[in-house]
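Heads up, final_38.txt below (compact mmCIF, C-alpha atoms and all ligand atoms):
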```
# COMPACT_ATOMS: atom_id res chain seq x y z
CA MET I 1 43.92 -28.25 10.76
CA ALA I 2 41.72 -25.55 9.32
CA LEU I 3 38.07 -26.58 9.21
CA ILE I 4 35.52 -25.24 6.77
CA ASN I 5 32.11 -23.85 7.56
CA GLU I 6 30.20 -27.02 6.79
CA ASN I 7 26.94 -25.15 6.56
CA TYR I 8 28.04 -24.21 3.05
CA LEU I 9 27.91 -27.88 2.12
CA LYS I 10 24.19 -27.93 2.83
CA LEU I 11 23.58 -25.57 -0.08
CA PRO I 12 22.62 -27.29 -3.29
CA GLY I 13 24.84 -26.12 -6.20
CA SER I 14 23.75 -22.91 -7.89
CA TYR I 15 21.89 -25.14 -10.27
CA LEU I 16 19.38 -22.70 -11.75
CA PHE I 17 21.41 -20.25 -13.80
CA ALA I 18 24.17 -22.75 -14.55
CA GLU I 19 21.60 -25.19 -15.88
CA ILE I 20 19.91 -22.47 -17.96
CA ALA I 21 23.28 -21.49 -19.44
CA ARG I 22 24.08 -25.13 -20.19
CA ARG I 23 20.80 -25.72 -22.01
CA VAL I 24 21.06 -22.48 -23.98
CA ALA I 25 24.67 -23.23 -25.00
CA LYS I 26 23.68 -26.69 -26.18
CA PHE I 27 20.76 -25.29 -28.16
CA LYS I 28 23.00 -22.67 -29.79
CA GLU I 29 25.49 -25.31 -30.78
CA ASP I 30 22.76 -27.35 -32.44
CA ASN I 31 21.06 -24.27 -33.97
CA PRO I 32 23.78 -21.73 -34.73
CA SER I 33 21.49 -19.43 -36.73
CA ALA I 34 18.75 -19.18 -34.08
CA ASN I 35 18.09 -15.62 -32.87
CA ILE I 36 17.69 -16.16 -29.14
CA ILE I 37 15.80 -13.58 -27.08
CA ARG I 38 16.55 -13.53 -23.36
CA LEU I 39 13.58 -12.68 -21.20
CA GLY I 40 14.99 -14.48 -18.22
CA ILE I 41 17.44 -11.94 -16.90
CA GLY I 42 16.88 -9.96 -13.72
CA ASP I 43 19.19 -7.21 -14.93
CA VAL I 44 18.27 -3.88 -16.47
CA THR I 45 19.43 -3.05 -20.00
CA ARG I 46 18.81 0.70 -20.46
CA PRO I 47 21.68 3.14 -19.83
CA LEU I 48 21.94 5.31 -16.71
CA PRO I 49 19.73 8.42 -16.69
CA GLU I 50 21.37 11.60 -18.00
CA ALA I 51 21.12 13.35 -14.63
CA VAL I 52 23.05 10.50 -13.01
CA ILE I 53 25.77 10.64 -15.68
CA LYS I 54 26.13 14.37 -15.01
CA GLY I 55 26.41 13.79 -11.28
CA LEU I 56 29.03 11.10 -11.81
CA HIS I 57 31.10 13.26 -14.19
CA THR I 58 31.13 16.21 -11.83
CA ALA I 59 32.25 13.96 -8.98
CA VAL I 60 35.00 12.41 -11.12
CA ASP I 61 36.35 15.90 -11.79
CA GLU I 62 36.24 16.69 -8.06
CA MET I 63 38.38 13.63 -7.43
CA ALA I 64 40.95 14.96 -9.90
CA ASP I 65 41.45 18.17 -7.93
CA GLY I 66 43.39 18.25 -4.66
CA ARG I 67 40.98 20.80 -3.21
CA THR I 68 37.91 18.63 -3.68
CA PHE I 69 39.42 15.15 -3.57
CA ARG I 70 37.78 12.73 -1.09
CA GLY I 71 39.25 9.69 0.55
CA TYR I 72 37.35 7.48 2.98
CA GLY I 73 33.85 8.76 3.57
CA PRO I 74 31.46 7.92 6.38
CA GLU I 75 30.81 4.16 6.39
CA GLN I 76 27.08 4.87 6.68
CA GLY I 77 27.01 7.12 3.60
CA TYR I 78 27.28 10.84 2.94
CA GLN I 79 24.76 13.14 4.57
CA PHE I 80 24.01 14.83 1.23
CA LEU I 81 22.58 11.57 -0.13
CA ILE I 82 20.84 10.41 3.06
CA GLU I 83 19.03 13.73 3.45
CA LYS I 84 17.65 13.48 -0.09
CA ILE I 85 16.58 9.88 0.42
CA ILE I 86 14.64 10.83 3.53
CA ALA I 87 13.03 13.92 2.02
CA THR I 88 12.08 12.38 -1.33
CA ASP I 89 11.37 8.72 -0.61
CA TYR I 90 9.97 8.94 2.92
CA GLN I 91 8.75 12.40 3.95
CA SER I 92 6.59 12.37 0.82
CA LEU I 93 4.81 9.35 2.34
CA GLY I 94 4.47 11.04 5.74
CA ILE I 95 7.34 9.00 7.19
CA ASN I 96 9.99 10.80 9.23
CA LEU I 97 13.44 9.30 9.63
CA ASP I 98 16.62 10.53 11.27
CA VAL I 99 19.82 10.59 9.20
CA ASP I 100 21.35 7.91 11.41
CA GLU I 101 18.51 5.52 10.54
CA VAL I 102 19.57 5.25 6.88
CA PHE I 103 22.66 3.26 5.88
CA VAL I 104 23.95 3.67 2.32
CA SER I 105 25.52 0.53 0.87
CA ASP I 106 26.87 -1.09 -2.28
CA GLY I 107 23.72 -3.10 -2.85
CA SER I 108 20.60 -4.64 -1.42
CA LYS I 109 21.97 -8.09 -2.15
CA SER I 110 24.81 -7.44 0.30
CA ASP I 111 22.49 -5.90 2.86
CA VAL I 112 19.77 -8.57 2.78
CA GLY I 113 22.54 -11.15 2.92
CA ASN I 114 24.53 -9.50 5.72
CA ILE I 115 21.64 -8.44 7.94
CA GLN I 116 21.22 -11.93 9.43
CA GLU I 117 24.63 -11.52 11.13
CA ILE I 118 23.13 -9.24 13.75
CA PHE I 119 20.62 -11.92 14.80
CA GLY I 120 21.24 -14.95 16.99
CA VAL I 121 21.70 -18.32 15.38
CA ASP I 122 18.68 -19.78 17.17
CA ASN I 123 16.08 -17.61 15.49
CA LYS I 124 13.38 -19.28 13.44
CA VAL I 125 13.38 -17.82 9.93
CA ALA I 126 10.37 -17.57 7.62
CA ILE I 127 10.65 -16.98 3.87
CA THR I 128 8.05 -16.92 1.15
CA ASP I 129 8.08 -19.75 -1.39
CA PRO I 130 9.03 -18.99 -4.18
CA VAL I 131 11.73 -16.55 -3.05
CA TYR I 132 14.78 -14.44 -4.00
CA PRO I 133 17.44 -17.04 -3.09
CA VAL I 134 19.72 -14.71 -1.06
CA TYR I 135 17.48 -14.72 2.04
CA LEU I 136 17.51 -18.48 2.34
CA ASP I 137 21.09 -19.19 1.31
CA THR I 138 22.64 -16.69 3.73
CA ASN I 139 20.71 -18.23 6.60
CA VAL I 140 21.86 -21.69 5.54
CA MET I 141 25.47 -20.46 5.55
CA ALA I 142 24.99 -19.05 9.04
CA GLY I 143 23.68 -22.35 10.41
CA ARG I 144 20.08 -21.31 10.87
CA SER I 145 18.43 -23.74 8.45
CA GLY I 146 18.74 -27.35 9.58
CA ASP I 147 19.18 -29.96 6.87
CA LEU I 148 17.74 -30.14 3.39
CA LEU I 149 14.95 -32.73 3.23
CA ASN I 150 12.93 -33.23 0.03
CA GLY I 151 13.84 -29.82 -1.32
CA LYS I 152 13.16 -27.90 1.90
CA PHE I 153 15.34 -26.96 4.85
CA ALA I 154 13.89 -28.53 7.97
CA GLY I 155 14.50 -25.54 10.23
CA VAL I 156 13.03 -22.90 7.92
CA THR I 157 9.36 -21.93 7.65
CA TYR I 158 8.20 -21.71 4.04
CA LEU I 159 5.24 -19.46 3.33
CA THR I 160 3.40 -20.68 0.25
CA CYS I 161 2.60 -18.10 -2.43
CA ASN I 162 0.73 -19.51 -5.40
CA ALA I 163 -2.35 -18.89 -7.53
CA ASP I 164 -4.54 -20.65 -4.92
CA ASN I 165 -3.85 -17.98 -2.32
CA ASN I 166 -3.47 -15.16 -4.83
CA PHE I 167 0.26 -15.03 -3.95
CA THR I 168 -0.63 -13.73 -0.50
CA PRO I 169 1.29 -15.57 2.23
CA SER I 170 -0.65 -16.71 5.30
CA LEU I 171 0.67 -16.07 8.79
CA PRO I 172 2.74 -19.06 9.93
CA GLU I 173 1.23 -21.72 12.17
CA GLU I 174 4.43 -22.10 14.21
CA LYS I 175 6.02 -19.09 15.90
CA VAL I 176 8.75 -17.44 13.81
CA ASP I 177 11.26 -14.74 14.73
CA ILE I 178 12.59 -13.30 11.46
CA ILE I 179 10.36 -12.83 8.42
CA TYR I 180 11.65 -11.93 4.96
CA LEU I 181 9.08 -10.19 2.78
CA CYS I 182 9.69 -8.81 -0.72
CA PHE I 183 6.97 -6.72 -2.36
CA PRO I 184 6.54 -6.05 -5.24
CA ASN I 185 7.82 -9.59 -5.43
CA ASN I 186 10.65 -11.14 -7.34
CA PRO I 187 9.92 -13.66 -8.90
CA THR I 188 6.10 -13.52 -8.92
CA GLY I 189 5.67 -9.82 -9.74
CA THR I 190 2.76 -9.65 -7.30
CA THR I 191 2.18 -7.12 -4.50
CA LEU I 192 0.68 -6.99 -1.04
CA PRO I 193 -2.07 -4.45 -0.31
CA LYS I 194 -1.86 -2.41 2.88
CA GLY I 195 -4.32 -4.55 4.79
CA GLU I 196 -2.30 -7.71 4.14
CA LEU I 197 1.00 -6.10 5.07
CA LYS I 198 -0.60 -4.83 8.27
CA LYS I 199 -1.30 -8.45 9.30
CA TRP I 200 2.45 -9.09 9.22
CA VAL I 201 3.30 -5.97 11.16
CA ASP I 202 0.69 -6.91 13.77
CA TYR I 203 2.08 -10.45 13.90
CA ALA I 204 5.62 -9.16 14.40
CA ARG I 205 4.49 -6.80 17.16
CA ALA I 206 2.53 -9.52 18.94
CA ASN I 207 5.31 -12.13 18.69
CA GLY I 208 8.48 -10.10 19.10
CA ALA I 209 9.43 -10.89 15.50
CA ILE I 210 11.34 -8.73 13.01
CA ILE I 211 10.31 -8.16 9.38
CA LEU I 212 13.06 -7.73 6.80
CA TYR I 213 11.27 -5.89 4.01
CA ASP I 214 12.87 -5.87 0.57
CA ALA I 215 11.36 -3.03 -1.46
CA ALA I 216 13.71 -3.27 -4.46
CA TYR I 217 10.80 -2.84 -6.88
CA GLU I 218 8.93 -0.07 -5.06
CA ALA I 219 9.34 2.32 -8.02
CA TYR I 220 7.36 -0.07 -10.22
CA ILE I 221 4.14 0.25 -8.23
CA GLN I 222 1.50 1.77 -10.50
CA GLU I 223 -1.72 1.16 -8.59
CA PRO I 224 -3.00 3.06 -5.54
CA GLY I 225 -3.41 1.29 -2.20
CA ILE I 226 -0.15 -0.62 -2.41
CA PRO I 227 2.42 0.42 0.17
CA HIS I 228 5.70 1.81 -1.19
CA SER I 229 7.30 1.46 2.22
CA ILE I 230 6.49 -0.84 5.11
CA TYR I 231 6.62 2.23 7.37
CA GLU I 232 3.31 3.31 5.85
CA ILE I 233 1.87 0.65 8.16
CA GLU I 234 1.24 1.84 11.69
CA GLY I 235 3.67 0.31 14.17
CA ALA I 236 6.13 -0.92 11.53
CA LYS I 237 8.87 1.37 12.82
CA ASP I 238 9.14 -0.86 15.88
CA VAL I 239 9.49 -4.14 14.00
CA ALA I 240 10.74 -3.65 10.43
CA ILE I 241 13.97 -3.05 8.54
CA GLU I 242 13.55 -1.88 4.94
CA PHE I 243 15.90 -2.44 2.00
CA ARG I 244 15.92 -0.21 -1.08
CA THR I 245 18.23 -0.05 -4.06
CA PHE I 246 19.03 2.20 -7.01
CA SER I 247 19.57 -0.91 -9.15
CA LYS I 248 16.10 -1.34 -10.56
CA ASN I 249 14.68 2.19 -10.52
CA ALA I 250 17.78 3.99 -11.82
CA GLY I 251 19.78 1.29 -13.58
CA PHE I 252 22.53 0.99 -10.93
CA THR I 253 22.97 -2.79 -11.20
CA GLY I 254 26.54 -2.28 -12.41
CA THR I 255 27.14 1.02 -10.61
CA ARG I 256 26.19 -0.27 -7.12
CA CYS I 257 24.29 1.82 -4.62
CA ALA I 258 21.48 0.95 -2.23
CA PHE I 259 20.36 1.77 1.29
CA THR I 260 18.86 0.11 4.32
CA VAL I 261 16.59 1.76 6.87
CA VAL I 262 16.97 0.61 10.47
CA PRO I 263 14.78 2.77 12.71
CA LYS I 264 16.21 3.28 16.19
CA THR I 265 12.94 2.01 17.62
CA VAL I 266 13.41 -1.52 16.21
CA MET I 267 14.41 -3.76 19.10
CA ALA I 268 15.29 -7.40 19.49
CA ALA I 269 15.88 -9.32 22.70
CA THR I 270 18.98 -10.51 24.51
CA LYS I 271 18.84 -13.98 26.10
CA ASP I 272 18.08 -12.40 29.47
CA GLY I 273 15.03 -10.74 27.93
CA SER I 274 16.13 -7.14 27.73
CA GLN I 275 15.60 -5.13 24.53
CA TYR I 276 18.44 -3.94 22.33
CA PRO I 277 18.25 -1.58 19.30
CA LEU I 278 19.15 -3.23 15.99
CA ASN I 279 20.26 0.16 14.64
CA LYS I 280 23.26 0.03 17.00
CA LEU I 281 24.20 -3.47 15.91
CA TRP I 282 23.88 -2.72 12.19
CA ASN I 283 25.94 0.43 12.65
CA ARG I 284 28.59 -1.63 14.41
CA ARG I 285 28.51 -4.29 11.72
CA GLN I 286 28.81 -1.80 8.87
CA THR I 287 31.50 0.37 10.43
CA THR I 288 33.56 -2.74 11.18
CA LYS I 289 33.22 -4.59 7.89
CA PHE I 290 32.39 -1.94 5.29
CA ASN I 291 34.19 1.23 4.22
CA GLY I 292 31.39 2.95 2.40
CA VAL I 293 30.19 3.46 -1.16
CA PRO I 294 32.45 5.46 -3.51
CA TYR I 295 31.93 9.22 -3.30
CA ILE I 296 31.46 9.33 -7.07
CA VAL I 297 28.69 6.73 -6.94
CA GLN I 298 26.90 8.49 -4.10
CA ARG I 299 26.93 11.73 -6.13
CA GLY I 300 25.42 9.73 -8.99
CA ALA I 301 22.71 8.42 -6.66
CA GLU I 302 22.09 11.92 -5.30
CA ALA I 303 21.36 13.07 -8.87
CA VAL I 304 18.43 10.61 -8.94
CA TYR I 305 16.70 13.06 -6.56
CA THR I 306 17.05 16.15 -8.77
CA PRO I 307 13.87 17.12 -10.64
CA ALA I 308 15.45 15.90 -13.89
CA GLY I 309 16.58 12.68 -12.24
CA GLN I 310 13.12 11.99 -10.85
CA GLN I 311 11.57 12.54 -14.25
CA GLN I 312 14.17 10.34 -15.95
CA ILE I 313 13.75 7.40 -13.58
CA LYS I 314 10.00 7.63 -14.09
CA ALA I 315 10.58 7.34 -17.84
CA LEU I 316 12.88 4.37 -17.26
CA VAL I 317 10.27 2.56 -15.19
CA SER I 318 7.59 3.39 -17.80
CA TYR I 319 9.76 1.91 -20.53
CA TYR I 320 10.05 -1.42 -18.71
CA MET I 321 6.42 -1.39 -17.61
CA ALA I 322 5.31 -0.99 -21.24
CA ASN I 323 7.27 -4.20 -21.91
CA ALA I 324 5.54 -5.83 -18.95
CA LYS I 325 2.18 -4.95 -20.48
CA THR I 326 3.23 -6.33 -23.87
CA ILE I 327 4.27 -9.60 -22.25
CA ARG I 328 1.20 -9.87 -20.02
CA GLU I 329 -1.31 -9.21 -22.75
CA GLY I 330 0.53 -11.33 -25.29
CA LEU I 331 0.63 -14.34 -22.99
CA LYS I 332 -3.02 -13.89 -22.04
CA SER I 333 -4.03 -13.74 -25.68
CA VAL I 334 -2.64 -17.25 -26.23
CA GLY I 335 -4.58 -18.54 -23.24
CA LEU I 336 -1.84 -18.63 -20.60
CA ALA I 337 -2.62 -17.77 -16.97
CA VAL I 338 -0.41 -14.82 -16.02
CA PHE I 339 0.28 -13.03 -12.75
CA GLY I 340 2.29 -9.96 -11.82
CA GLY I 341 3.57 -7.49 -14.40
CA VAL I 342 1.20 -4.73 -13.24
CA ASN I 343 3.23 -3.25 -10.37
CA ALA I 344 6.49 -5.07 -11.08
CA PRO I 345 8.77 -5.85 -14.03
CA TYR I 346 8.19 -9.60 -13.59
CA ILE I 347 5.54 -11.75 -15.22
CA TRP I 348 4.84 -15.09 -13.59
CA LEU I 349 2.94 -17.55 -15.69
CA LYS I 350 1.37 -20.89 -14.96
CA THR I 351 2.95 -23.49 -17.21
CA PRO I 352 0.34 -25.03 -19.52
CA GLN I 353 -1.15 -28.47 -18.93
CA GLY I 354 1.44 -31.17 -19.40
CA TYR I 355 4.48 -28.98 -18.74
CA ASP I 356 6.52 -28.50 -15.61
CA SER I 357 8.89 -25.52 -15.22
CA TRP I 358 11.81 -27.12 -17.04
CA SER I 359 9.88 -28.80 -19.85
CA PHE I 360 8.24 -25.43 -20.54
CA PHE I 361 11.69 -23.82 -20.54
CA ASP I 362 12.78 -26.32 -23.22
CA LYS I 363 9.63 -25.80 -25.25
CA LEU I 364 10.03 -21.99 -25.32
CA LEU I 365 13.68 -22.31 -26.22
CA HIS I 366 13.12 -24.83 -29.00
CA ASP I 367 9.86 -23.55 -30.50
CA VAL I 368 10.38 -19.77 -30.31
CA ASN I 369 14.02 -19.34 -29.18
CA ILE I 370 13.06 -17.48 -26.02
CA VAL I 371 14.88 -17.92 -22.70
CA GLY I 372 12.94 -17.51 -19.48
CA THR I 373 13.45 -18.74 -15.93
CA PRO I 374 11.84 -21.93 -14.60
CA GLY I 375 9.84 -21.18 -11.45
CA ALA I 376 11.16 -24.30 -9.72
CA GLY I 377 14.50 -22.51 -9.37
CA PHE I 378 12.96 -20.13 -6.81
CA GLY I 379 11.57 -22.77 -4.45
CA PRO I 380 9.37 -25.87 -4.38
CA VAL I 381 6.13 -23.89 -4.83
CA GLY I 382 7.62 -22.28 -7.96
CA GLU I 383 7.30 -25.62 -9.77
CA GLY I 384 4.63 -25.32 -12.44
CA TYR I 385 5.38 -21.62 -12.95
CA PHE I 386 7.72 -19.68 -15.18
CA ARG I 387 9.21 -16.16 -14.98
CA LEU I 388 9.62 -13.65 -17.79
CA THR I 389 11.10 -10.22 -17.22
CA ALA I 390 10.36 -6.82 -18.73
CA PHE I 391 14.01 -5.71 -18.67
CA GLY I 392 14.70 -6.36 -22.36
CA SER I 393 14.48 -3.80 -25.14
CA GLN I 394 11.07 -2.83 -26.45
CA GLU I 395 11.95 -4.31 -29.86
CA SER I 396 13.09 -7.70 -28.59
CA THR I 397 10.17 -7.93 -26.17
CA GLN I 398 7.72 -7.25 -28.99
CA GLU I 399 9.50 -9.75 -31.23
CA ALA I 400 9.37 -12.38 -28.48
CA ILE I 401 5.65 -11.93 -27.99
CA ASP I 402 4.98 -11.98 -31.74
CA ARG I 403 6.79 -15.31 -31.89
CA ILE I 404 4.80 -16.68 -28.97
CA LYS I 405 1.56 -15.63 -30.66
CA THR I 406 2.38 -17.06 -34.07
CA GLN I 407 4.75 -19.96 -33.52
CA LEU I 408 4.05 -21.48 -30.11
CA SER I 409 1.72 -24.44 -30.21
CA LEU I 410 0.34 -25.30 -26.80
C1 LIG H 501 17.58 -6.96 -7.84
C2 LIG H 501 17.16 -7.24 -6.46
C3 LIG H 501 17.80 -6.64 -5.38
C4 LIG H 501 18.85 -5.60 -5.62
O1 LIG H 501 20.11 -5.99 -5.48
P1 LIG H 501 21.32 -4.96 -5.60
O2 LIG H 501 22.40 -5.70 -4.89
O3 LIG H 501 20.95 -3.69 -4.91
O4 LIG H 501 21.60 -4.76 -7.07
C5 LIG H 501 17.36 -6.91 -4.10
N1 LIG H 501 16.34 -7.73 -3.89
C6 LIG H 501 15.68 -8.31 -4.90
C7 LIG H 501 14.53 -9.18 -4.60
C8 LIG H 501 16.09 -8.10 -6.21
O5 LIG H 501 15.44 -8.70 -7.20
```
Please, can you express the file's structure as structure tokens?
Amino acid sequence: MALINENYLKLPGSYLFAEIARRVAKFKEDNPSANIIRLGIGDVTRPLPEAVIKGLHTAVDEMADGRTFRGYGPEQGYQFLIEKIIATDYQSLGINLDVDEVFVSDGSKSDVGNIQEIFGVDNKVAITDPVYPVYLDTNVMAGRSGDLLNGKFAGVTYLTCNADNNFTPSLPEEKVDIIYLCFPNNPTGTTLPKGELKKWVDYARANGAIILYDAAYEAYIQEPGIPHSIYEIEGAKDVAIEFRTFSKNAGFTGTRCAFTVVPKTVMAATKDGSQYPLNKLWNRRQTTKFNGVPYIVQRGAEAVYTPAGQQQIKALVSYYMANAKTIREGLKSVGLAVFGGVNAPYIWLKTPQGYDSWSFFDKLLHDVNIVGTPGAGFGPVGEGYFRLTAFGSQESTQEAIDRIKTQLSL
């Protein structure tokens, strides 16, 4: 008899977005004329930059010609893209990488989800709370979590990030082996200055731990002193894997291209105590289970690194960051406590007195027809917070904030 992976049964249902959809559908049914504005989505809305479209078109034409047609490419990605990633995203920061340290993929979601496969099942995992759910759920599926008790998995270390600690996680009291960090953060929109990130690198070095650093929102950093890459921290190349994506900086959420950096110097231990490079394992994992990103898509991603592409993605980020400012200032002006939104497209607000995450969701929906995301959906510490995103259009964002200013009674 075929048995299932019972670890999957430990996962609570994907309650958050299903429940949001259910409540919005019900509201629409009762209020068919309501003009609902969605500021809850984590998806971009602007079209792909012109340079990318040009790159894609040229590659499509190449595929139509027998002389330039491409079949399977390298599983790790084409050299033409990897070289531009290294030169533009890393050498500019003083970071040198070899081409075989960068792995092009179809998304950071896949990579941050798959990476745990190359680690033993007995590792102790630490995640921030609140958190992007993929880190936790994939470790639950793999049997690394223990059981769910009062909203938390017993075998996982949760690192509290709330207003009391300025969304800066403290080093864990118990020893952990794998640490997921995401900065600028989804959902809180907050960042970690260099000095704070250095504490984690030092911890990892001292304890033989590995940091899995999700830098999906790196392009949104506006202020100086905030690391764009974890490799800006001395010693990080021995202990950190970094994930980047074209989804949020260049609008590739539906086009699919990302990359993961696994320096050859990052080692983890075998049971007998010898050191083994994670680069080799990730290469083995990817070449076995993945057949590469479409040639056309990689040419589109390459175009991000042309001068026009660089200028266009800057404009894209500026467009969303202007929305972030509108949201931030609008919420502040009605007396709400807001966080994030300065170096990230997410605004995290403290729900007003008398409201938890879900009752505030209902209030926004009913009073001003705005959909956001209840913080409780991102982890226990997210309760009492609420996420709005800057990924809408400028017009709808402005309209949403005007409604909050004039029609929301708190
Ligand atoms: C959007 C996002 C990603 C990117 O996922 P893709 O699969 O590359 O689209 C990764 N991590 C976080 C935290 C995100 O919010």
Using all atoms listed in the file, tabulate the residues of chain I lying at most 10 Å from any atom of ligand LIG 501 (chain H), each with its closest atom pair and that distance in Å to one decimal, by chain and increasing residue number, as a Markdown table.
```
| residue | atom | partner | partner_atom | distance |
| --- | --- | --- | --- | --- |
| I:Gly42 | CA | H:LIG501 | C1 | 6.6 |
| I:Asp43 | CA | H:LIG501 | C1 | 7.3 |
| I:Val44 | CA | H:LIG501 | C1 | 9.2 |
| I:Ser105 | CA | H:LIG501 | O3 | 8.5 |
| I:Asp106 | CA | H:LIG501 | O2 | 6.9 |
| I:Gly107 | CA | H:LIG501 | O3 | 3.5 |
| I:Ser108 | CA | H:LIG501 | O3 | 3.6 |
| I:Lys109 | CA | H:LIG501 | O2 | 3.7 |
| I:Ser110 | CA | H:LIG501 | O2 | 6.0 |
| I:Asp111 | CA | H:LIG501 | O2 | 7.8 |
| I:Val112 | CA | H:LIG501 | C5 | 7.5 |
| I:Gly113 | CA | H:LIG501 | O2 | 9.5 |
| I:Val131 | CA | H:LIG501 | C7 | 8.0 |
| I:Tyr132 | CA | H:LIG501 | C7 | 5.3 |
| I:Pro133 | CA | H:LIG501 | C7 | 8.5 |
| I:Val134 | CA | H:LIG501 | N1 | 8.3 |
| I:Tyr135 | CA | H:LIG501 | C7 | 9.1 |
| I:Leu181 | CA | H:LIG501 | C7 | 9.2 |
| I:Cys182 | CA | H:LIG501 | C7 | 6.2 |
| I:Phe183 | CA | H:LIG501 | C7 | 8.3 |
| I:Pro184 | CA | H:LIG501 | C7 | 8.6 |
| I:Asn185 | CA | H:LIG501 | C7 | 6.8 |
| I:Asn186 | CA | H:LIG501 | C7 | 5.1 |
| I:Pro187 | CA | H:LIG501 | O5 | 7.6 |
| I:Tyr213 | CA | H:LIG501 | N1 | 9.6 |
| I:Asp214 | CA | H:LIG501 | N1 | 5.9 |
| I:Ala215 | CA | H:LIG501 | N1 | 7.3 |
| I:Ala216 | CA | H:LIG501 | C5 | 5.2 |
| I:Tyr217 | CA | H:LIG501 | O5 | 7.5 |
| I:Phe243 | CA | H:LIG501 | C5 | 7.7 |
| I:Arg244 | CA | H:LIG501 | O3 | 7.2 |
| I:Thr245 | CA | H:LIG501 | O3 | 4.6 |
| I:Phe246 | CA | H:LIG501 | O3 | 6.5 |
| I:Ser247 | CA | H:LIG501 | O4 | 4.8 |
| I:Lys248 | CA | H:LIG501 | C1 | 6.4 |
| I:Asn249 | CA | H:LIG501 | C1 | 10.0 |
| I:Gly251 | CA | H:LIG501 | O4 | 9.1 |
| I:Phe252 | CA | H:LIG501 | O4 | 7.0 |
| I:Thr253 | CA | H:LIG501 | O4 | 4.8 |
| I:Gly254 | CA | H:LIG501 | O4 | 7.7 |
| I:Thr255 | CA | H:LIG501 | O4 | 8.8 |
| I:Arg256 | CA | H:LIG501 | O4 | 6.4 |
| I:Cys257 | CA | H:LIG501 | O3 | 6.4 |
| I:Ala258 | CA | H:LIG501 | O3 | 5.4 |
| I:Phe259 | CA | H:LIG501 | O3 | 8.3 |
| I:Pro345 | CA | H:LIG501 | O5 | 10.0 |
| I:Tyr346 | CA | H:LIG501 | O5 | 9.7 |
```
For those residues, write C-alpha atoms to a file as a CSV table (one decimal), in the coordinates of the input.
```
chain,number,residue,atom,x,y,z
I,42,GLY,CA,16.9,-10.0,-13.7
I,43,ASP,CA,19.2,-7.2,-14.9
I,44,VAL,CA,18.3,-3.9,-16.5
I,105,SER,CA,25.5,0.5,0.9
I,106,ASP,CA,26.9,-1.1,-2.3
I,107,GLY,CA,23.7,-3.1,-2.8
I,108,SER,CA,20.6,-4.6,-1.4
I,109,LYS,CA,22.0,-8.1,-2.2
I,110,SER,CA,24.8,-7.4,0.3
I,111,ASP,CA,22.5,-5.9,2.9
I,112,VAL,CA,19.8,-8.6,2.8
I,113,GLY,CA,22.5,-11.2,2.9
I,131,VAL,CA,11.7,-16.6,-3.0
I,132,TYR,CA,14.8,-14.4,-4.0
I,133,PRO,CA,17.4,-17.0,-3.1
I,134,VAL,CA,19.7,-14.7,-1.1
I,135,TYR,CA,17.5,-14.7,2.0
I,181,LEU,CA,9.1,-10.2,2.8
I,182,CYS,CA,9.7,-8.8,-0.7
I,183,PHE,CA,7.0,-6.7,-2.4
I,184,PRO,CA,6.5,-6.0,-5.2
I,185,ASN,CA,7.8,-9.6,-5.4
I,186,ASN,CA,10.6,-11.1,-7.3
I,187,PRO,CA,9.9,-13.7,-8.9
I,213,TYR,CA,11.3,-5.9,4.0
I,214,ASP,CA,12.9,-5.9,0.6
I,215,ALA,CA,11.4,-3.0,-1.5
I,216,ALA,CA,13.7,-3.3,-4.5
I,217,TYR,CA,10.8,-2.8,-6.9
I,243,PHE,CA,15.9,-2.4,2.0
I,244,ARG,CA,15.9,-0.2,-1.1
I,245,THR,CA,18.2,0.0,-4.1
I,246,PHE,CA,19.0,2.2,-7.0
I,247,SER,CA,19.6,-0.9,-9.2
I,248,LYS,CA,16.1,-1.3,-10.6
I,249,ASN,CA,14.7,2.2,-10.5
I,251,GLY,CA,19.8,1.3,-13.6
I,252,PHE,CA,22.5,1.0,-10.9
I,253,THR,CA,23.0,-2.8,-11.2
I,254,GLY,CA,26.5,-2.3,-12.4
I,255,THR,CA,27.1,1.0,-10.6
I,256,ARG,CA,26.2,-0.3,-7.1
I,257,CYS,CA,24.3,1.8,-4.6
I,258,ALA,CA,21.5,1.0,-2.2
I,259,PHE,CA,20.4,1.8,1.3
I,345,PRO,CA,8.8,-5.8,-14.0
I,346,TYR,CA,8.2,-9.6,-13.6
```
Discussion item. I want to know what sits within 8 Å of Asp129 in chain I, based on all atoms listed in the file, with residues of the same chain fewer than 4 positions away left out; could you give that as number ranges by chain?
Written reply: I: 158-161, 378-382
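Counting from CA of Gln91 in chain I, the distance to CA of Gln298 in chain I is 20.2 Å.
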Fill in: Shell of 12 Å around Ala315 in chain I, only C-alpha atoms, local chain residues under 6 positions omitted, as a VMD selection string
chain I and resid 46 48 to 50 219 to 220 249 to 251 308 to 309 321 to 322
Discussion item. So that I can see what lies close to Ile179 in chain I, please list as number ranges by chain the residues with an atom at most 9 Å from it, counting all atoms listed in the file and leaving out residues fewer than 4 positions away in the same chain.
Written reply: I: 124-128, 200, 204, 209-213
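Computed from the coordinates, the CA of Gly77 in chain I to CA of Ala59 in chain I distance equals 15.2 Å.
Nearest to Gly120 in chain I of all the residues I:Ile20, I:Ile36, I:Leu11, I:Ile178 is I:Ile178, counting all atoms listed in the file.
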Worksheet item: From the list I:Phe69, I:Phe290, I:Trp282, I:Trp348, which residue is nearest Pro263 in chain I when using only C-alpha atoms?
Response: I:Trp282
Fill in: Asp402 in chain I environment, 12 Å, all atoms listed in the file, sequence neighbours closer than 3 positions dropped, as a PyMOL selection string
chain I and resi 37+326-327+329-331+333-334+368-370+395-399+405-408
